[in-house]
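Structure data follow from coords.tsv (TSV, C-alpha atoms):
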```tsv
chain	number	residue	atom	x	y	z
A	8	MET	CA	-44.45	124.28	43.58
A	9	ARG	CA	-42.73	121.12	44.78
A	10	GLY	CA	-42.74	120.09	48.42
A	11	PRO	CA	-39.87	118.64	50.44
A	12	VAL	CA	-40.61	115.04	49.43
A	13	ASP	CA	-40.34	115.84	45.72
A	14	ARG	CA	-37.31	118.10	46.18
A	15	ILE	CA	-35.42	115.41	48.06
A	16	ALA	CA	-36.58	112.78	45.56
A	17	ALA	CA	-35.23	114.90	42.68
A	18	PHE	CA	-31.94	115.37	44.52
A	19	VAL	CA	-31.64	111.61	45.13
A	20	GLU	CA	-32.48	110.88	41.49
A	21	ASP	CA	-29.60	113.12	40.40
A	22	LEU	CA	-27.19	111.43	42.80
A	23	VAL	CA	-28.23	107.96	41.66
A	24	ARG	CA	-27.60	109.07	38.05
A	25	ASN	CA	-24.32	110.75	39.11
A	26	ARG	CA	-25.50	114.12	37.80
A	27	ARG	CA	-25.00	117.55	39.31
A	28	PRO	CA	-28.11	117.79	41.52
A	29	CYS	CA	-30.79	120.46	41.45
A	30	ARG	CA	-30.20	123.44	43.74
A	31	PHE	CA	-32.82	124.79	46.13
A	32	LYS	CA	-33.08	126.53	49.46
A	33	ALA	CA	-33.26	123.68	51.91
A	34	SER	CA	-34.77	123.64	55.39
A	35	PRO	CA	-32.59	122.28	58.22
A	36	GLU	CA	-34.51	118.98	58.00
A	37	GLU	CA	-33.92	118.82	54.24
A	38	MET	CA	-30.24	119.56	54.79
A	39	ASP	CA	-30.06	116.48	57.00
A	40	ALA	CA	-31.70	114.38	54.30
A	41	LEU	CA	-29.34	115.76	51.62
A	42	GLY	CA	-26.30	114.96	53.76
A	43	ALA	CA	-27.51	111.41	54.40
A	44	ALA	CA	-28.22	110.94	50.70
A	45	ALA	CA	-24.73	112.11	49.73
A	46	GLU	CA	-23.12	109.74	52.22
A	47	LEU	CA	-25.18	106.80	50.95
A	48	ALA	CA	-24.36	107.67	47.35
A	49	ALA	CA	-20.67	107.44	48.26
A	50	ALA	CA	-21.19	103.96	49.69
A	51	ARG	CA	-22.00	102.48	46.30
A	52	PRO	CA	-18.99	100.34	45.32
A	53	GLY	CA	-16.43	102.43	43.47
A	54	ALA	CA	-18.67	105.50	43.26
A	55	ASP	CA	-16.39	107.73	45.29
A	56	LEU	CA	-13.20	107.05	43.34
A	57	PRO	CA	-11.94	109.88	41.14
A	58	SER	CA	-11.43	109.05	37.48
A	59	ALA	CA	-7.92	108.82	36.10
A	60	ASP	CA	-8.92	111.45	33.56
A	61	PHE	CA	-9.86	113.90	36.28
A	62	ILE	CA	-6.65	113.30	38.27
A	63	ALA	CA	-4.51	113.84	35.19
A	64	ARG	CA	-6.52	116.90	34.09
A	65	LEU	CA	-6.29	118.59	37.49
A	66	GLY	CA	-2.60	117.70	37.69
A	67	ARG	CA	-2.01	119.50	34.39
A	68	GLN	CA	-4.04	122.49	35.51
A	69	LEU	CA	-2.05	122.75	38.74
A	70	ARG	CA	1.23	122.35	36.89
A	71	SER	CA	0.41	125.28	34.65
A	72	GLN	CA	-0.57	127.28	37.72
A	73	MET	CA	2.41	126.33	39.88
A	74	GLU	CA	5.08	126.05	37.18
A	75	PRO	CA	4.27	128.31	34.24
A	76	PRO	CA	6.25	126.78	31.35
A	77	PRO	CA	8.89	128.90	29.61
A	78	ALA	CA	7.86	130.02	26.13
A	79	HIS	CA	8.32	127.44	23.37
A	80	GLU	CA	9.28	124.64	25.74
A	81	PRO	CA	7.16	121.58	25.14
A	82	VAL	CA	5.77	119.51	27.96
A	83	THR	CA	8.40	116.96	28.84
A	84	ARG	CA	7.88	113.23	28.52
A	85	ARG	CA	8.95	112.92	32.17
A	86	ALA	CA	6.18	115.24	33.29
A	87	LEU	CA	3.64	113.32	31.28
A	88	LEU	CA	4.85	110.02	32.67
A	89	ARG	CA	4.67	111.46	36.18
A	90	THR	CA	1.03	112.30	35.60
A	91	ALA	CA	0.39	108.87	34.17
A	92	GLY	CA	2.04	107.27	37.16
A	93	LEU	CA	-0.07	109.32	39.52
A	94	ALA	CA	-3.27	108.32	37.83
A	95	ALA	CA	-2.17	104.70	37.77
A	96	ALA	CA	-1.27	104.82	41.42
A	97	ALA	CA	-4.76	105.91	42.28
A	98	GLY	CA	-6.06	102.65	40.87
A	99	VAL	CA	-9.03	104.29	39.30
A	100	ALA	CA	-8.77	103.32	35.67
A	101	GLY	CA	-12.26	101.88	35.60
A	102	ALA	CA	-13.93	105.15	36.36
A	103	VAL	CA	-12.93	107.12	33.28
A	104	ILE	CA	-15.70	108.40	31.08
A	105	ASP	CA	-15.16	108.82	27.37
A	106	ARG	CA	-15.89	112.34	26.36
A	107	THR	CA	-15.32	113.46	22.80
A	108	ILE	CA	-16.02	110.43	20.70
A	109	VAL	CA	-14.76	110.57	17.16
A	110	SER	CA	-15.09	107.46	15.11
A	111	GLN	CA	-12.48	106.51	12.59
A	112	PRO	CA	-11.92	103.51	10.36
A	113	LEU	CA	-9.67	100.96	11.92
A	114	GLY	CA	-6.11	101.65	10.84
A	115	GLN	CA	-3.13	99.42	10.36
A	116	GLN	CA	-1.36	98.00	13.36
A	117	ALA	CA	2.42	97.78	13.43
A	118	THR	CA	4.28	95.03	15.27
A	119	LEU	CA	7.29	95.88	17.42
A	120	THR	CA	10.00	93.29	16.79
A	121	PRO	CA	13.31	94.09	18.43
A	122	ASP	CA	16.42	93.10	16.45
A	123	HIS	CA	18.10	91.39	19.37
A	124	GLY	CA	15.14	90.70	21.61
A	125	THR	CA	14.72	88.16	24.36
A	126	TRP	CA	11.58	86.41	25.51
A	127	ARG	CA	10.57	87.52	28.96
A	128	ALA	CA	7.75	86.10	31.10
A	129	VAL	CA	5.28	88.84	31.93
A	130	ALA	CA	2.29	86.95	33.39
A	131	ALA	CA	1.18	83.46	34.30
A	132	LEU	CA	-1.28	82.03	31.77
A	133	ALA	CA	-3.49	80.96	34.69
A	134	ASP	CA	-3.88	84.64	35.66
A	135	VAL	CA	-5.22	85.64	32.24
A	136	SER	CA	-8.32	83.56	31.61
A	137	ALA	CA	-10.34	83.77	28.40
A	138	GLY	CA	-11.69	87.27	27.82
A	139	GLN	CA	-9.31	88.84	30.30
A	140	SER	CA	-6.43	91.25	29.90
A	141	VAL	CA	-3.56	92.04	32.23
A	142	ARG	CA	-1.26	95.04	32.29
A	143	PHE	CA	2.47	94.34	32.62
A	144	SER	CA	5.67	96.29	32.98
A	145	SER	CA	8.87	94.56	31.96
A	146	GLY	CA	11.96	96.70	31.93
A	147	PRO	CA	11.50	99.28	29.21
A	148	VAL	CA	8.35	97.63	27.86
A	149	GLU	CA	4.92	98.61	29.10
A	150	GLY	CA	2.15	96.47	27.68
A	151	VAL	CA	-1.00	94.44	28.02
A	152	VAL	CA	-1.51	90.75	27.38
A	153	VAL	CA	-4.94	89.63	26.22
A	154	ASN	CA	-6.49	86.19	26.13
A	155	ASP	CA	-9.18	86.30	23.43
A	156	GLY	CA	-10.17	82.69	24.10
A	157	ARG	CA	-8.15	81.31	21.21
A	158	THR	CA	-4.80	83.07	21.29
A	159	ILE	CA	-2.67	85.21	23.55
A	160	LYS	CA	-1.90	88.66	22.19
A	161	ALA	CA	0.17	91.53	23.52
A	162	VAL	CA	0.17	95.22	22.70
A	163	SER	CA	2.20	98.20	23.84
A	164	ALA	CA	0.60	100.27	26.61
A	165	VAL	CA	2.35	103.51	25.67
A	166	CYS	CA	0.12	106.08	24.01
A	167	THR	CA	1.10	106.76	20.41
A	168	HIS	CA	0.29	110.45	20.87
A	169	GLN	CA	2.81	111.68	23.46
A	170	GLY	CA	4.12	108.57	25.15
A	171	CYS	CA	1.93	108.58	28.27
A	172	LEU	CA	1.51	105.24	29.99
A	173	LEU	CA	-1.98	103.90	29.34
A	174	LEU	CA	-4.28	102.70	32.10
A	175	LEU	CA	-6.06	99.39	31.70
A	176	ASP	CA	-9.81	99.44	32.20
A	177	ALA	CA	-10.10	95.66	32.26
A	178	ALA	CA	-13.87	95.60	32.81
A	179	ALA	CA	-14.47	97.65	29.66
A	180	HIS	CA	-11.61	96.03	27.70
A	181	ARG	CA	-10.13	99.45	27.10
A	182	LEU	CA	-6.80	101.23	27.51
A	183	ARG	CA	-7.21	104.85	28.47
A	184	CYS	CA	-4.67	107.66	28.24
A	185	PRO	CA	-4.47	109.76	31.42
A	186	CYS	CA	-3.02	112.71	29.53
A	187	HIS	CA	-5.74	113.19	26.89
A	188	PRO	CA	-9.10	111.47	26.57
A	189	THR	CA	-7.84	108.89	24.10
A	190	VAL	CA	-9.11	105.32	24.29
A	191	PHE	CA	-7.82	102.15	22.68
A	192	SER	CA	-9.16	98.61	22.69
A	193	VAL	CA	-7.06	96.09	24.58
A	194	THR	CA	-5.93	94.77	21.21
A	195	GLY	CA	-4.58	98.21	20.31
A	196	GLN	CA	-7.23	99.67	18.00
A	197	LEU	CA	-7.99	103.37	18.43
A	198	ILE	CA	-11.54	103.74	19.75
A	199	SER	CA	-11.89	107.45	20.50
A	200	TYR	CA	-9.83	110.61	20.80
A	201	SER	CA	-10.25	114.36	21.06
A	202	LEU	CA	-7.07	115.46	19.31
A	203	ALA	CA	-6.71	117.31	16.04
A	204	THR	CA	-5.39	114.21	14.32
A	205	PRO	CA	-5.98	110.58	15.25
A	206	PRO	CA	-3.08	108.87	16.98
A	207	ALA	CA	-1.88	105.58	15.50
A	208	ASN	CA	-3.09	102.23	16.75
A	209	LEU	CA	-0.95	100.68	19.47
A	210	PRO	CA	1.81	98.47	18.11
A	211	ALA	CA	1.45	94.76	18.76
A	212	LEU	CA	4.17	92.90	20.65
A	213	GLN	CA	5.18	89.35	19.89
A	214	ALA	CA	3.86	86.98	22.52
A	215	ARG	CA	3.96	83.23	23.18
A	216	VAL	CA	3.18	80.75	25.94
A	217	ARG	CA	5.94	78.60	27.46
A	218	ASP	CA	5.58	76.39	30.54
A	219	GLY	CA	2.41	78.13	31.63
A	220	GLN	CA	3.99	81.58	31.35
A	221	ILE	CA	3.07	84.29	28.86
A	222	GLU	CA	6.27	85.61	27.34
A	223	VAL	CA	6.80	88.77	25.33
A	224	LEU	CA	9.72	89.55	23.03
A	225	VAL	CA	11.49	92.56	24.50
A	226	VAL	CA	14.80	94.31	23.97
B	15	MET	CA	4.07	109.00	55.93
B	16	LEU	CA	6.38	109.20	58.96
B	17	GLU	CA	5.80	111.61	61.79
B	18	GLY	CA	8.08	114.59	61.32
B	19	ALA	CA	8.21	114.11	57.53
B	20	THR	CA	7.96	117.13	55.30
B	21	TYR	CA	6.56	117.90	51.89
B	22	ALA	CA	9.12	119.51	49.61
B	23	ASP	CA	7.07	120.01	46.44
B	24	TRP	CA	3.48	120.52	45.38
B	25	GLU	CA	3.36	117.44	43.17
B	26	THR	CA	3.97	115.11	46.11
B	27	ILE	CA	1.27	116.89	48.06
B	28	TYR	CA	-1.14	116.48	45.16
B	29	ASN	CA	-0.07	112.87	44.64
B	30	ASP	CA	-0.58	111.96	48.28
B	31	ASN	CA	-3.83	113.80	48.81
B	32	VAL	CA	-5.92	113.95	45.64
B	33	VAL	CA	-7.76	110.66	46.13
B	34	ARG	CA	-8.34	111.29	49.84
B	35	VAL	CA	-9.66	114.82	49.18
B	36	TYR	CA	-11.94	113.65	46.36
B	37	ARG	CA	-13.39	110.77	48.38
B	38	LEU	CA	-13.95	112.97	51.37
B	39	ILE	CA	-15.73	115.57	49.28
B	40	PHE	CA	-17.70	112.93	47.38
B	41	ALA	CA	-19.03	111.59	50.69
B	42	ARG	CA	-20.39	115.07	51.37
B	43	VAL	CA	-21.86	115.87	47.93
B	44	GLY	CA	-22.57	112.42	46.48
B	45	ASN	CA	-22.00	113.20	42.80
B	46	ARG	CA	-19.07	113.39	40.45
B	47	PRO	CA	-19.50	116.87	38.86
B	48	ASP	CA	-19.62	118.65	42.21
B	49	ALA	CA	-16.88	116.44	43.69
B	50	GLU	CA	-14.55	117.25	40.78
B	51	ASP	CA	-15.25	120.99	40.93
B	52	LEU	CA	-14.76	121.19	44.68
B	53	THR	CA	-11.63	119.01	44.69
B	54	SER	CA	-10.14	121.31	42.06
B	55	GLU	CA	-11.07	124.32	44.15
B	56	VAL	CA	-9.35	122.87	47.23
B	57	PHE	CA	-6.03	122.38	45.41
B	58	VAL	CA	-6.17	125.54	43.33
B	59	LYS	CA	-6.77	127.60	46.47
B	60	SER	CA	-4.47	125.84	48.90
B	61	LEU	CA	-1.32	124.87	46.98
B	62	PRO	CA	-0.13	128.41	46.09
B	63	ASN	CA	-0.44	129.43	49.74
B	64	LEU	CA	1.80	126.71	51.13
B	65	SER	CA	5.40	127.62	51.81
B	66	LEU	CA	7.52	124.56	51.15
B	67	PRO	CA	9.08	122.56	52.63
B	68	SER	CA	6.35	122.13	55.26
B	69	PRO	CA	5.60	119.39	57.79
B	70	VAL	CA	3.17	116.80	56.45
B	71	MET	CA	0.81	117.25	59.39
B	72	GLN	CA	0.70	120.99	58.82
B	73	VAL	CA	-0.05	120.57	55.11
B	74	THR	CA	-2.75	118.00	55.85
B	75	ALA	CA	-4.37	120.31	58.37
B	76	TYR	CA	-4.25	123.16	55.86
B	77	ILE	CA	-5.85	121.05	53.15
B	78	ASN	CA	-8.51	119.81	55.57
B	79	ALA	CA	-9.31	123.42	56.46
B	80	ALA	CA	-9.62	124.20	52.74
B	81	ILE	CA	-11.98	121.22	52.28
B	82	ARG	CA	-14.12	122.42	55.16
B	83	SER	CA	-14.27	125.93	53.78
B	84	VAL	CA	-15.05	124.85	50.21
B	85	LEU	CA	-17.81	122.47	51.34
B	86	ALA	CA	-19.36	125.03	53.67
B	87	ASP	CA	-19.38	127.55	50.85
B	88	HIS	CA	-20.95	124.98	48.49
B	89	TRP	CA	-23.85	124.19	50.83
B	90	ARG	CA	-24.35	127.85	51.67
B	91	ARG	CA	-24.41	129.02	48.03
B	92	HIS	CA	-26.55	126.24	46.59
B	93	TYR	CA	-28.80	125.14	49.43
B	94	GLY	CA	-28.95	128.17	51.72
B	95	ALA	CA	-27.21	126.42	54.61
B	96	PRO	CA	-26.19	128.85	57.34
B	97	GLN	CA	-23.23	126.74	58.40
B	98	ALA	CA	-22.39	123.35	56.97
B	99	ASP	CA	-21.53	120.71	59.52
B	100	VAL	CA	-18.37	119.24	58.09
B	101	GLU	CA	-15.94	117.78	60.57
B	102	VAL	CA	-13.11	116.77	58.32
B	103	ASP	CA	-10.53	116.12	61.02
B	104	THR	CA	-12.65	113.68	62.95
B	105	ILE	CA	-13.85	111.63	60.01
B	106	GLY	CA	-10.82	111.81	57.73
B	107	PRO	CA	-9.22	108.47	58.56
B	108	ARG	CA	-12.21	106.42	57.45
B	109	TYR	CA	-11.67	107.55	53.86
B	110	ASP	CA	-8.64	105.34	53.77
B	111	LEU	CA	-10.99	102.36	53.98
B	112	PRO	CA	-12.71	100.88	50.94
B	113	SER	CA	-16.13	102.38	50.51
B	114	VAL	CA	-17.61	98.93	49.94
B	115	ASP	CA	-16.53	97.80	53.39
B	116	GLU	CA	-19.59	96.43	55.16
B	117	SER	CA	-18.22	97.70	58.42
B	118	GLY	CA	-18.21	101.24	56.98
B	119	ARG	CA	-20.32	103.99	58.40
B	120	ALA	CA	-23.01	103.88	55.70
B	121	GLY	CA	-23.38	100.14	56.20
B	122	ARG	CA	-23.73	100.58	59.94
B	123	ILE	CA	-26.33	103.31	59.45
B	124	LEU	CA	-28.35	101.11	57.11
B	125	ALA	CA	-28.12	98.19	59.54
B	126	LEU	CA	-29.74	100.27	62.26
B	127	LEU	CA	-32.75	101.31	60.16
B	128	PRO	CA	-36.16	99.59	60.12
B	129	ASP	CA	-36.46	96.98	57.35
B	130	ARG	CA	-38.54	99.06	54.91
B	131	SER	CA	-36.33	102.12	55.31
B	132	ARG	CA	-33.19	100.09	54.78
B	133	ALA	CA	-34.73	98.36	51.77
B	134	ILE	CA	-35.67	101.56	49.92
B	135	LEU	CA	-32.25	103.13	50.53
B	136	GLU	CA	-30.39	100.01	49.45
B	137	LEU	CA	-32.50	99.76	46.30
B	138	ARG	CA	-31.92	103.39	45.40
B	139	PHE	CA	-28.33	103.99	46.42
B	140	LEU	CA	-26.58	100.64	46.36
B	141	ARG	CA	-28.47	98.96	43.51
B	142	GLY	CA	-29.18	102.15	41.54
B	143	CYS	CA	-32.89	101.37	41.03
B	144	SER	CA	-35.22	104.09	39.77
B	145	ILE	CA	-38.02	105.14	42.09
B	146	LYS	CA	-40.45	103.12	39.94
B	147	GLU	CA	-38.30	100.00	40.13
B	148	ALA	CA	-37.88	100.41	43.87
B	149	ALA	CA	-41.65	100.91	44.26
B	150	ARG	CA	-42.34	97.74	42.27
B	151	GLU	CA	-39.87	95.78	44.34
B	152	LEU	CA	-41.46	96.97	47.58
B	153	GLY	CA	-45.03	96.59	46.32
B	154	VAL	CA	-45.99	100.25	46.76
B	155	THR	CA	-46.87	103.12	44.42
B	156	PRO	CA	-44.07	105.41	43.19
B	157	GLY	CA	-45.61	108.20	45.26
B	158	ASN	CA	-45.44	106.12	48.40
B	159	ALA	CA	-41.91	105.02	47.55
B	160	LYS	CA	-40.87	108.71	47.49
B	161	ILE	CA	-42.41	109.27	50.91
B	162	LEU	CA	-40.76	106.12	52.25
B	163	GLN	CA	-37.44	107.28	50.81
B	164	HIS	CA	-37.84	110.72	52.37
B	165	ARG	CA	-38.58	109.33	55.83
B	166	ALA	CA	-35.78	106.78	55.50
B	167	LEU	CA	-33.25	109.52	54.72
B	168	LEU	CA	-34.35	111.54	57.73
B	169	LEU	CA	-34.00	108.45	59.90
B	170	ALA	CA	-30.58	107.74	58.39
B	171	ALA	CA	-29.48	111.31	59.15
B	172	GLU	CA	-30.65	110.90	62.74
B	173	VAL	CA	-28.84	107.58	63.15
B	174	GLY	CA	-25.71	109.09	61.60
B	175	LYS	CA	-25.77	111.98	64.07
B	176	ARG	CA	-26.18	109.59	67.00
B	177	MET	CA	-23.18	107.61	65.80
B	178	LEU	CA	-21.02	110.75	65.84
B	179	SER	CA	-22.12	111.82	69.31
```

Before anything else, please render the file you have as structure tokens.
Amino acid sequence: MRGPVDRIAAFVEDLVRNRRPCRFKASPEEMDALGAAAELAAARPGADLPSADFIARLGRQLRSQMEPPPAHEPVTRRALLRTAGLAAAAGVAGAVIDRTIVSQPLGQQATLTPDHGTWRAVAALADVSAGQSVRFSSGPVEGVVVNDGRTIKAVSAVCTHQGCLLLLDAAAHRLRCPCHPTVFSVTGQLISYSLATPPANLPALQARVRDGQIEVLVV
Amino acid sequence: MLEGATYADWETIYNDNVVRVYRLIFARVGNRPDAEDLTSEVFVKSLPNLSLPSPVMQVTAYINAAIRSVLADHWRRHYGAPQADVEVDTIGPRYDLPSVDESGRAGRILALLPDRSRAILELRFLRGCSIKEAARELGVTPGNAKILQHRALLLAAEVGKRMLS
């Protein structure tokens, strides 16, 4: 039988590993220690931020509870974008955990080239150093520019599954969909998904550098 | 949000409150699985009971009451607590601050602890060291590191209570 020191140590170990902690009947003194441990666990940088995946998932659950959809009516793009916007607003893209990982061979990547496009500056080159990626929104185009150290690339940041706006997890070099646990690399390759069929890679956008500005060809 | 403002729909309520509710709950449970479950419970229980439009302050108070109730129930069910001490109203505003802020409550608690106590808690919670790694860093056995950690948490709880009083 474990004593208080071991019980609290096991509880702390679970918190440090961000796992659901062991349950036990705690004495008042142990309750104090558990409370202090929880508060300290929340002080770790970024630990207490909800993941974008969770915010989107709970939003969907509440929507089905509060607004039962009429039969045969698909979820609207607007609703999906609202959820994406909410998750983006929370600024928590870095906290998403990949869940169902399904590997697939890298597919082809299309390039979006508007017929009558114009070049529009979306970021300063100085703000996208080698190895970095930056999310941009330019009129109807949502995308990410990436500096791979040799060239500047741009890809669409709209999920190829249902059109949700993707969240940039810059630290992990990933784009994550807030609507379903789908993950793309910042260069647009599908990394993981939990859908019946794999969504297409993200289309590339044409990008160039002019006068220190990264420009993307948009409609 | 302006004084006198109202919430007209549940999505705005969710939008405005989900991060605050999660962070507040996380500070009381310290782990993601429980924080996600309890945050869900707060919204699933409270949103259907709100009659809209409602004043923002009234909705916030209702959600805070739901947080208090859900947390109390959590500690009672899983740890046998008779009555969880969760004062949401008095501590709510600090969740608008970044958790990494050195002037935050956890930082102030750590600053008031003896050196060894502060060191073990920083190693475990802020640097994510295992008990073995923390023991090695402090030059003690893993068994002694557990005892040091235990005493440090009790001291931290005491300091935290003094700061509230």

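Minimum distance to chain A across B:Gly94, B:Pro69, B:Pro128, B:Gly157 (counting only C-alpha atoms) occurs at B:Gly94.
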
Discussion item. Quick one: residues within 12 Å of His88 in chain B, all atoms listed in the file, excluding same-chain residues fewer than 4 positions away - as a list in words?
Written reply: Arg30 of chain A; Ile39, Arg42, Val43, Asp48, Ala49, Asp51, Leu52, Thr53, Glu55, Val56, Ile81, Arg82, Ser83, Val84, His92, Tyr93, Gly94, Ala95, Pro96, Gln97, Ala98, Asp99 and Val100 of chain B

Counting only C-alpha atoms, collect the residues of chain B whose closest atom lies at most 7 Å from chain A, and write them out as a PDB file with C-alpha atoms, in the frame of the given file.
```pdb
ATOM      1  CA  ASN B  29      -0.070 112.870  44.640  1.00  0.00           C
ATOM      2  CA  VAL B  33      -7.760 110.660  46.130  1.00  0.00           C
ATOM      3  CA  TYR B  36     -11.940 113.650  46.360  1.00  0.00           C
ATOM      4  CA  ARG B  37     -13.390 110.770  48.380  1.00  0.00           C
ATOM      5  CA  PHE B  40     -17.700 112.930  47.380  1.00  0.00           C
ATOM      6  CA  ALA B  41     -19.030 111.590  50.690  1.00  0.00           C
ATOM      7  CA  ARG B  42     -20.390 115.070  51.370  1.00  0.00           C
ATOM      8  CA  VAL B  43     -21.860 115.870  47.930  1.00  0.00           C
ATOM      9  CA  GLY B  44     -22.570 112.420  46.480  1.00  0.00           C
ATOM     10  CA  ASN B  45     -22.000 113.200  42.800  1.00  0.00           C
ATOM     11  CA  ARG B  46     -19.070 113.390  40.450  1.00  0.00           C
ATOM     12  CA  PRO B  47     -19.500 116.870  38.860  1.00  0.00           C
ATOM     13  CA  ASP B  48     -19.620 118.650  42.210  1.00  0.00           C
ATOM     14  CA  SER B  54     -10.140 121.310  42.060  1.00  0.00           C
ATOM     15  CA  VAL B  58      -6.170 125.540  43.330  1.00  0.00           C
ATOM     16  CA  HIS B  92     -26.550 126.240  46.590  1.00  0.00           C
ATOM     17  CA  TYR B  93     -28.800 125.140  49.430  1.00  0.00           C
ATOM     18  CA  GLY B  94     -28.950 128.170  51.720  1.00  0.00           C
ATOM     19  CA  SER B 113     -16.130 102.380  50.510  1.00  0.00           C
ATOM     20  CA  VAL B 114     -17.610  98.930  49.940  1.00  0.00           C
ATOM     21  CA  ALA B 120     -23.010 103.880  55.700  1.00  0.00           C
ATOM     22  CA  ARG B 138     -31.920 103.390  45.400  1.00  0.00           C
ATOM     23  CA  PHE B 139     -28.330 103.990  46.420  1.00  0.00           C
ATOM     24  CA  LEU B 140     -26.580 100.640  46.360  1.00  0.00           C
ATOM     25  CA  GLY B 142     -29.180 102.150  41.540  1.00  0.00           C
ATOM     26  CA  LYS B 160     -40.870 108.710  47.490  1.00  0.00           C
ATOM     27  CA  ILE B 161     -42.410 109.270  50.910  1.00  0.00           C
ATOM     28  CA  HIS B 164     -37.840 110.720  52.370  1.00  0.00           C
ATOM     29  CA  LEU B 167     -33.250 109.520  54.720  1.00  0.00           C
ATOM     30  CA  LEU B 168     -34.350 111.540  57.730  1.00  0.00           C
ATOM     31  CA  ALA B 170     -30.580 107.740  58.390  1.00  0.00           C
ATOM     32  CA  ALA B 171     -29.480 111.310  59.150  1.00  0.00           C
TER      33      ALA B 171
END
```

Worksheet item: Excluding same-chain residues fewer than 2 positions from Ala133 in chain B, what lies within 12 Å of it counting all atoms listed in the file, as a list in words?
Response: Leu124, Ala125, Leu126, Leu127, Pro128, Asp129, Arg130, Ser131, Leu135, Glu136, Leu137, Arg138, Phe139, Leu140, Arg141, Cys143, Ala148, Ala149, Glu151, Leu152, Gly153, Ala159, Leu162, Gln163, Ala166 and Leu167 of chain B

Discussion item. Using Å and a single decimal, report how far CA of Leu197 in chain A sits from CA of Val223 in chain A.
Written reply: 21.9 Å

Practice prompt. Mind checking which residues fall within 7 Å of range 165-168 of chain A, counting only C-alpha atoms, ignoring those fewer than 3 positions away in the same chain, and posting them as number ranges by chain?
Written response: A: 149, 171-173, 184, 206-207, 209

Padded axis-aligned box of range 200-209 of chain A (5 Å per side), centre and edge lengths, Å, one decimal, as JSON:
```
{"center_x": -5.6, "center_y": 109.0, "center_z": 17.7, "size_x": 19.3, "size_y": 26.6, "size_z": 16.7}
```

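The spacing separating CA of Val151 in chain A from CA of Ser199 in chain A amounts to 18.6 Å.
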
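Closest to Gly118 in chain B among B:Tyr28, B:Arg91, B:Val154, B:Gly174 is B:Gly174, based on all atoms listed in the file.
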
Worksheet item: Which of these, A:Arg157, A:Arg127, A:Arg142, A:Arg217, has the shortest distance to His180 in chain A once you count all atoms listed in the file?
Response: A:Arg142

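Picture a line from CA of Leu202 in chain A to CA of Phe57 in chain B; it runs 27.0 Å.
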
Response to the item:
For Val190 in chain A, the closest of A:Phe143, A:Asp60, A:Thr125, A:Ile221 counting only C-alpha atoms is A:Asp60

Just want the 8 Å neighbourhood of Trp126 in chain A, counted on all atoms listed in the file, with same-chain residues fewer than 5 positions away dropped. Output as a compact mmCIF listing (two decimals) with C-alpha atoms, keeping the file's coordinate frame.
```txt
# COMPACT_ATOMS: atom_id res chain seq x y z
CA GLU A 222 6.27 85.61 27.34
CA VAL A 223 6.80 88.77 25.33
CA LEU A 224 9.72 89.55 23.03
CA VAL A 225 11.49 92.56 24.50
```
